[in-house]
Amino acid sequence: MTNSSASPYGTLPPASPVSVRKPISLPRMNEMRSRGEKITMLTAYDATFAAVADAAGVECILVGDSLGMVCQGLSSTVGVSLEAMRYHVECVSRGIRKVQGTAWILGDLPFGSYQESKEQAIRSATVLMQAGAHMVKLEGGGWTTDIVSFLVERGIPVAAHLGLTPQTVHSLGGYRVQGRGDDAAKKLRQEALALQDAGASMMILEMVPEPLSTELTVELPACHTIGIGAGKGTAGQVLVMHDMLGINLGKNPKFVHNFMAGESSVLEAMRAYVAAVKNGTFPDNEKHAWT
Ligand code: KIV
């Protein structure tokens, strides 16, 4: 990976023996938010792509259970195991360390690894933290609130995930917008506030109407809202890496933009994503959001 013309990844800056970049942390994200700077997040599942995302300036790397679809060829995230998540978190963490990267790594707790009990949740979270995650993510509200406070009290930072929660896609009746209408919006708001009170310091809002996610961002000062198909009013944005590189094997959801178009390398595409999120040109509410 030394010649940008020969590598589709682009050329990474040389790793310095003493990194001059400060690692991303929750206090640093608080500072970013207080000066109105958007937080960027991409998924990554291996060492190389994680290092490229880090070099592009992506602050948060989510080792998402979307790896079930993009790496394992599954039709949903339901079949992803804790062992698979552990393996990919470790790969990403090694890649970031190798380039003395600064990104904050989130490890997704997969379906079946936290539903049973708080004890099961902490055992699973420990596996991902020991593999190199800085934070774990879990899906859903209501029943998850106690699990979030249990993990946070024991020193594990937690990201919540509301709206379209892919692990429960079969109960939700498909990949569709959530929180539409007064009752659904009220329920989602109550769950979000309870998760913030329980100590969640980040919250993915997936396929939530733009006005609701914008209001929630104001109502959740202690919890950074990261949107995916939730409009531009959130504290940050996330996309699945394969989607934003235009190599999704299936149909792209409306909220996706192909950042590879017009760019000469993966590094440049990721830089374009970071720039677009920071300068507010992505997402474009006309094209990528729901009301
Ligand atoms: O698993 C994943 O990639 C995710 C994102 C869609 C937010 O949860």
# chains A, B, ... in the order shown; residues from 1 in each chain; ligands from 1
>>> residues_near_ligand(ligand="ligand 1", cutoff="6 Å", atoms="only C-alpha atoms and all ligand atoms", output="PyMOL selection string")
chain A and resi 43+64-66+240
>>> residues_around(residues="Arg33 in chain A", least_positions_apart="2", cutoff="12 Å", atoms="only C-alpha atoms", output="PyMOL selection string")
chain A and resi 26-31+35-40+202+217-218+220-226+234-236+278
>>> select_by_dssp(residues="range 122-284 of chain A", states="alpha helix (DSSP H)", output="ChimeraX atom specification")
/A:122-130,144-153,169-172,182-198,210-219,241-244,266-278
>>> closest_residue(among="A:Gly140, A:Pro166, A:Gly227, A:Gly233", to="Val256 in chain A", atoms="only C-alpha atoms")
A:Gly227
>>> residues_around(residues="Pro157 in chain A", least_positions_apart="3", cutoff="8 Å", atoms="only C-alpha atoms", output="MDAnalysis selection string")
chainID A and resid 134:136 151:152 200:201
>>> write_last_selection(atoms="N, CA and C atoms", output="JSON list (two decimals), in the first residue's frame")
[["chain", "number", "residue", "atom", "x", "y", "z"],
["A", 134, "HIS", "N", -13.93, -0.17, 22.09],
["A", 134, "HIS", "CA", -13.96, 0.86, 23.14],
["A", 134, "HIS", "C", -15.37, 1.01, 23.70],
["A", 135, "MET", "N", -16.33, 0.46, 22.98],
["A", 135, "MET", "CA", -17.74, 0.64, 23.33],
["A", 135, "MET", "C", -18.51, -0.50, 22.70],
["A", 136, "VAL", "N", -19.60, -0.91, 23.34],
["A", 136, "VAL", "CA", -20.45, -1.92, 22.70],
["A", 136, "VAL", "C", -21.77, -1.27, 22.29],
["A", 151, "LEU", "N", -24.22, -2.38, 32.38],
["A", 151, "LEU", "CA", -22.92, -2.35, 31.70],
["A", 151, "LEU", "C", -22.19, -1.04, 32.00],
["A", 152, "VAL", "N", -22.92, 0.07, 31.92],
["A", 152, "VAL", "CA", -22.29, 1.39, 32.12],
["A", 152, "VAL", "C", -21.74, 1.50, 33.54],
["A", 200, "ALA", "N", -26.44, 5.50, 28.36],
["A", 200, "ALA", "CA", -25.98, 5.32, 26.96],
["A", 200, "ALA", "C", -25.37, 6.65, 26.50],
["A", 201, "SER", "N", -24.16, 6.59, 25.96],
["A", 201, "SER", "CA", -23.52, 7.85, 25.56],
["A", 201, "SER", "C", -23.55, 8.06, 24.05]]
>>> closest_residue(among="A:Asp54, A:Val70, A:Val127, A:Glu119", to="Val92 in chain A", atoms="only C-alpha atoms")
A:Asp54
>>> select_by_dssp(residues="range 31-234 of chain A", states="strand (DSSP E)", output="ChimeraX atom specification")
/A:39-43,60-63,104-108,135-139,158-163,202-206,224-228
>>> residues_around(residues="range 86-91 of chain A", least_positions_apart="5", cutoff="7 Å", atoms="only C-alpha atoms", output="ChimeraX atom specification")
/A:45-47,63,107,127-128,131-133
>>> write_last_selection(atoms="C-alpha atoms", output="PDB file, in the first residue's frame")
ATOM      1  CA  TYR A  45     -14.740  -5.453   9.503  1.00  0.00           C
ATOM      2  CA  ASP A  46     -11.057  -5.996   8.765  1.00  0.00           C
ATOM      3  CA  ALA A  47      -7.647  -4.469   9.459  1.00  0.00           C
ATOM      4  CA  VAL A  63     -17.751  -3.351  13.659  1.00  0.00           C
ATOM      5  CA  GLY A 107     -18.391  -3.619  18.724  1.00  0.00           C
ATOM      6  CA  VAL A 127     -15.521 -10.550  24.998  1.00  0.00           C
ATOM      7  CA  LEU A 128     -15.794  -7.583  22.593  1.00  0.00           C
ATOM      8  CA  ALA A 131     -10.950  -7.989  21.576  1.00  0.00           C
ATOM      9  CA  GLY A 132     -10.317  -4.235  21.283  1.00  0.00           C
ATOM     10  CA  ALA A 133     -13.695  -2.444  21.266  1.00  0.00           C
TER      11      ALA A 133
END
>>> residues_around(residues="Leu62 in chain A", least_positions_apart="4", cutoff="7 Å", atoms="only C-alpha atoms", output="ChimeraX atom specification")
/A:41-44,105-107
>>> residues_around(residues="range 182-199 of chain A", least_positions_apart="3", cutoff="8 Å", atoms="only C-alpha atoms", output="ChimeraX atom specification")
/A:141-142,145-146,148-149,152,158,160,162-163,178-179,212,216,219-220,222-223
>>> write_last_selection(atoms="N, CA and C atoms", output="short mmCIF file (atom, residue, chain, number, x, y, z; two decimals), in the first residue's frame")
data_model
loop_
_atom_site.label_atom_id
_atom_site.label_comp_id
_atom_site.auth_asym_id
_atom_site.auth_seq_id
_atom_site.Cartn_x
_atom_site.Cartn_y
_atom_site.Cartn_z
N GLY A 141 -35.14 -0.67 22.80
CA GLY A 141 -35.40 0.15 23.98
C GLY A 141 -36.34 -0.57 24.92
N GLY A 142 -36.64 0.04 26.07
CA GLY A 142 -37.52 -0.61 27.05
C GLY A 142 -36.74 -1.61 27.86
N THR A 145 -32.98 -1.11 28.80
CA THR A 145 -32.52 0.00 29.66
C THR A 145 -31.74 -0.52 30.87
N ASP A 146 -32.25 -1.55 31.52
CA ASP A 146 -31.55 -2.11 32.69
C ASP A 146 -30.20 -2.70 32.30
N VAL A 148 -28.33 -1.66 29.82
CA VAL A 148 -27.42 -0.54 29.56
C VAL A 148 -26.85 -0.02 30.88
N SER A 149 -27.71 0.22 31.89
CA SER A 149 -27.17 0.78 33.14
C SER A 149 -26.25 -0.23 33.83
N VAL A 152 -22.92 0.07 31.92
CA VAL A 152 -22.29 1.39 32.12
C VAL A 152 -21.74 1.50 33.54
N VAL A 158 -21.68 2.34 26.37
CA VAL A 158 -22.70 1.67 25.56
C VAL A 158 -23.34 2.64 24.56
N ALA A 160 -26.69 2.84 22.19
CA ALA A 160 -28.00 2.23 21.95
C ALA A 160 -28.30 2.29 20.45
N LEU A 162 -31.89 2.61 18.11
CA LEU A 162 -33.36 2.66 18.03
C LEU A 162 -33.81 2.94 16.60
N GLY A 163 -35.13 2.80 16.39
CA GLY A 163 -35.69 2.97 15.05
C GLY A 163 -35.73 1.60 14.40
N GLN A 178 -39.34 3.80 11.06
CA GLN A 178 -39.90 3.63 12.40
C GLN A 178 -40.15 5.00 13.05
N GLY A 179 -41.09 5.04 13.99
CA GLY A 179 -41.33 6.29 14.73
C GLY A 179 -42.22 7.26 13.98
N LEU A 212 -38.21 13.99 13.90
CA LEU A 212 -38.09 13.32 15.20
C LEU A 212 -36.62 13.17 15.61
N LEU A 216 -34.88 14.75 18.93
CA LEU A 216 -34.20 13.88 19.90
C LEU A 216 -32.76 14.33 20.14
N GLU A 219 -32.93 16.88 22.65
CA GLU A 219 -33.39 16.35 23.95
C GLU A 219 -32.39 15.39 24.60
N LEU A 220 -31.36 15.00 23.86
CA LEU A 220 -30.38 14.03 24.38
C LEU A 220 -28.98 14.66 24.42
N ALA A 222 -26.62 14.33 26.49
CA ALA A 222 -25.55 13.47 27.01
C ALA A 222 -25.35 12.23 26.15
N CYS A 223 -26.05 12.17 25.03
CA CYS A 223 -26.02 10.95 24.22
C CYS A 223 -25.95 11.38 22.76
#
>>> atom_distance(atom1="CA of Met32 in chain A", atom2="CA of Met85 in chain A")
28.8 Å
>>> atom_distance(atom1="CA of Leu138 in chain A", atom2="CA of Ser117 in chain A")
13.3 Å
>>> residues_around(residues="range 246-252 of chain A", least_positions_apart="2", cutoff="12 Å", atoms="only C-alpha atoms", output="PDB file with N, CA and C atoms, in the first residue's frame")
ATOM      1  N   SER A  66     -23.780  -6.089  10.665  1.00  0.00           N
ATOM      2  CA  SER A  66     -24.035  -6.097   9.220  1.00  0.00           C
ATOM      3  C   SER A  66     -22.987  -6.951   8.515  1.00  0.00           C
ATOM      4  N   LEU A  67     -21.923  -7.309   9.217  1.00  0.00           N
ATOM      5  CA  LEU A  67     -20.932  -8.217   8.629  1.00  0.00           C
ATOM      6  C   LEU A  67     -21.584  -9.537   8.228  1.00  0.00           C
ATOM      7  N   MET A  69     -24.263  -9.849   6.563  1.00  0.00           N
ATOM      8  CA  MET A  69     -24.649  -9.713   5.161  1.00  0.00           C
ATOM      9  C   MET A  69     -23.432  -9.461   4.265  1.00  0.00           C
ATOM     10  N   VAL A  70     -22.588  -8.476   4.641  1.00  0.00           N
ATOM     11  CA  VAL A  70     -21.552  -8.061   3.690  1.00  0.00           C
ATOM     12  C   VAL A  70     -20.322  -8.974   3.682  1.00  0.00           C
ATOM     13  N   CYS A  71     -20.064  -9.697   4.793  1.00  0.00           N
ATOM     14  CA  CYS A  71     -18.896 -10.599   4.801  1.00  0.00           C
ATOM     15  C   CYS A  71     -19.307 -12.068   4.721  1.00  0.00           C
ATOM     16  N   GLN A  72     -20.435 -12.403   5.352  1.00  0.00           N
ATOM     17  CA  GLN A  72     -20.768 -13.826   5.470  1.00  0.00           C
ATOM     18  C   GLN A  72     -21.849 -14.286   4.496  1.00  0.00           C
ATOM     19  N   GLY A  73     -22.457 -13.339   3.777  1.00  0.00           N
ATOM     20  CA  GLY A  73     -23.476 -13.715   2.796  1.00  0.00           C
ATOM     21  C   GLY A  73     -24.799 -14.139   3.406  1.00  0.00           C
ATOM     22  N   LEU A  74     -25.061 -13.754   4.650  1.00  0.00           N
ATOM     23  CA  LEU A  74     -26.345 -14.095   5.280  1.00  0.00           C
ATOM     24  C   LEU A  74     -27.430 -13.137   4.786  1.00  0.00           C
ATOM     25  N   SER A  75     -28.690 -13.513   5.023  1.00  0.00           N
ATOM     26  CA  SER A  75     -29.766 -12.633   4.551  1.00  0.00           C
ATOM     27  C   SER A  75     -30.196 -11.625   5.610  1.00  0.00           C
ATOM     28  N   SER A  76     -29.745 -11.808   6.865  1.00  0.00           N
ATOM     29  CA  SER A  76     -30.037 -10.821   7.914  1.00  0.00           C
ATOM     30  C   SER A  76     -28.940 -10.922   8.962  1.00  0.00           C
ATOM     31  N   TYR A 175     -37.715  -3.951   6.560  1.00  0.00           N
ATOM     32  CA  TYR A 175     -36.834  -2.788   6.712  1.00  0.00           C
ATOM     33  C   TYR A 175     -37.629  -1.534   6.365  1.00  0.00           C
ATOM     34  N   GLY A 229     -30.184   7.193   7.661  1.00  0.00           N
ATOM     35  CA  GLY A 229     -31.543   7.359   7.153  1.00  0.00           C
ATOM     36  C   GLY A 229     -32.406   8.123   8.130  1.00  0.00           C
ATOM     37  N   LEU A 239     -22.681   5.088   7.927  1.00  0.00           N
ATOM     38  CA  LEU A 239     -23.096   4.277   6.776  1.00  0.00           C
ATOM     39  C   LEU A 239     -22.347   2.950   6.825  1.00  0.00           C
ATOM     40  N   VAL A 240     -22.958   1.954   6.239  1.00  0.00           N
ATOM     41  CA  VAL A 240     -22.263   0.677   6.043  1.00  0.00           C
ATOM     42  C   VAL A 240     -21.235   0.903   4.915  1.00  0.00           C
ATOM     43  N   MET A 241     -19.976   0.527   5.179  1.00  0.00           N
ATOM     44  CA  MET A 241     -18.889   0.825   4.249  1.00  0.00           C
ATOM     45  C   MET A 241     -19.178   0.328   2.824  1.00  0.00           C
ATOM     46  N   HIS A 242     -19.660  -0.895   2.704  1.00  0.00           N
ATOM     47  CA  HIS A 242     -19.900  -1.449   1.366  1.00  0.00           C
ATOM     48  C   HIS A 242     -20.949  -0.626   0.609  1.00  0.00           C
ATOM     49  N   ASP A 243     -21.933  -0.104   1.342  1.00  0.00           N
ATOM     50  CA  ASP A 243     -22.963   0.731   0.697  1.00  0.00           C
ATOM     51  C   ASP A 243     -22.343   2.013   0.161  1.00  0.00           C
ATOM     52  N   MET A 244     -21.512   2.678   0.990  1.00  0.00           N
ATOM     53  CA  MET A 244     -20.989   3.992   0.551  1.00  0.00           C
ATOM     54  C   MET A 244     -19.883   3.848  -0.488  1.00  0.00           C
ATOM     55  N   LYS A 254     -32.605   3.968   0.263  1.00  0.00           N
ATOM     56  CA  LYS A 254     -32.684   5.373  -0.190  1.00  0.00           C
ATOM     57  C   LYS A 254     -31.663   6.273   0.511  1.00  0.00           C
ATOM     58  N   PHE A 255     -31.304   5.941   1.749  1.00  0.00           N
ATOM     59  CA  PHE A 255     -30.436   6.856   2.504  1.00  0.00           C
ATOM     60  C   PHE A 255     -28.952   6.757   2.123  1.00  0.00           C
ATOM     61  N   VAL A 256     -28.630   5.828   1.209  1.00  0.00           N
ATOM     62  CA  VAL A 256     -27.222   5.603   0.857  1.00  0.00           C
ATOM     63  C   VAL A 256     -26.785   6.529  -0.275  1.00  0.00           C
ATOM     64  N   HIS A 257     -25.544   6.969  -0.193  1.00  0.00           N
ATOM     65  CA  HIS A 257     -24.924   7.675  -1.324  1.00  0.00           C
ATOM     66  C   HIS A 257     -23.624   6.953  -1.671  1.00  0.00           C
ATOM     67  N   ASN A 258     -23.367   6.780  -2.968  1.00  0.00           N
ATOM     68  CA  ASN A 258     -22.130   6.129  -3.412  1.00  0.00           C
ATOM     69  C   ASN A 258     -21.001   7.167  -3.475  1.00  0.00           C
ATOM     70  N   PHE A 259     -20.133   7.163  -2.459  1.00  0.00           N
ATOM     71  CA  PHE A 259     -19.040   8.138  -2.392  1.00  0.00           C
ATOM     72  C   PHE A 259     -17.851   7.736  -3.258  1.00  0.00           C
ATOM     73  N   MET A 260     -17.875   6.532  -3.815  1.00  0.00           N
ATOM     74  CA  MET A 260     -16.764   6.084  -4.673  1.00  0.00           C
ATOM     75  C   MET A 260     -16.877   6.742  -6.056  1.00  0.00           C
ATOM     76  N   ALA A 261     -18.111   7.094  -6.440  1.00  0.00           N
ATOM     77  CA  ALA A 261     -18.311   7.685  -7.773  1.00  0.00           C
ATOM     78  C   ALA A 261     -17.487   8.962  -7.890  1.00  0.00           C
ATOM     79  N   GLY A 262     -16.635   8.991  -8.870  1.00  0.00           N
ATOM     80  CA  GLY A 262     -15.819  10.189  -9.112  1.00  0.00           C
ATOM     81  C   GLY A 262     -14.530  10.232  -8.302  1.00  0.00           C
ATOM     82  N   GLU A 263     -14.301   9.243  -7.435  1.00  0.00           N
ATOM     83  CA  GLU A 263     -13.072   9.238  -6.623  1.00  0.00           C
ATOM     84  C   GLU A 263     -12.128   8.156  -7.143  1.00  0.00           C
ATOM     85  N   VAL A 266     -10.324   4.200  -2.410  1.00  0.00           N
ATOM     86  CA  VAL A 266     -11.203   4.039  -1.236  1.00  0.00           C
ATOM     87  C   VAL A 266     -10.905   5.152  -0.234  1.00  0.00           C
ATOM     88  N   ALA A 269     -12.632   8.225  -1.331  1.00  0.00           N
ATOM     89  CA  ALA A 269     -14.090   8.105  -1.146  1.00  0.00           C
ATOM     90  C   ALA A 269     -14.456   8.325   0.318  1.00  0.00           C
ATOM     91  N   MET A 270     -13.657   7.764   1.199  1.00  0.00           N
ATOM     92  CA  MET A 270     -13.945   7.934   2.629  1.00  0.00           C
ATOM     93  C   MET A 270     -13.702   9.381   3.063  1.00  0.00           C
ATOM     94  N   HIS A 288     -32.273  11.626   0.881  1.00  0.00           N
ATOM     95  CA  HIS A 288     -31.866  10.530   1.776  1.00  0.00           C
ATOM     96  C   HIS A 288     -32.701  10.384   3.037  1.00  0.00           C
TER      97      HIS A 288
END
>>> closest_residue(among="A:Ser264, A:Gln120, A:Thr102, A:Gln130", to="Ile24 in chain A", atoms="only C-alpha atoms")
A:Thr102
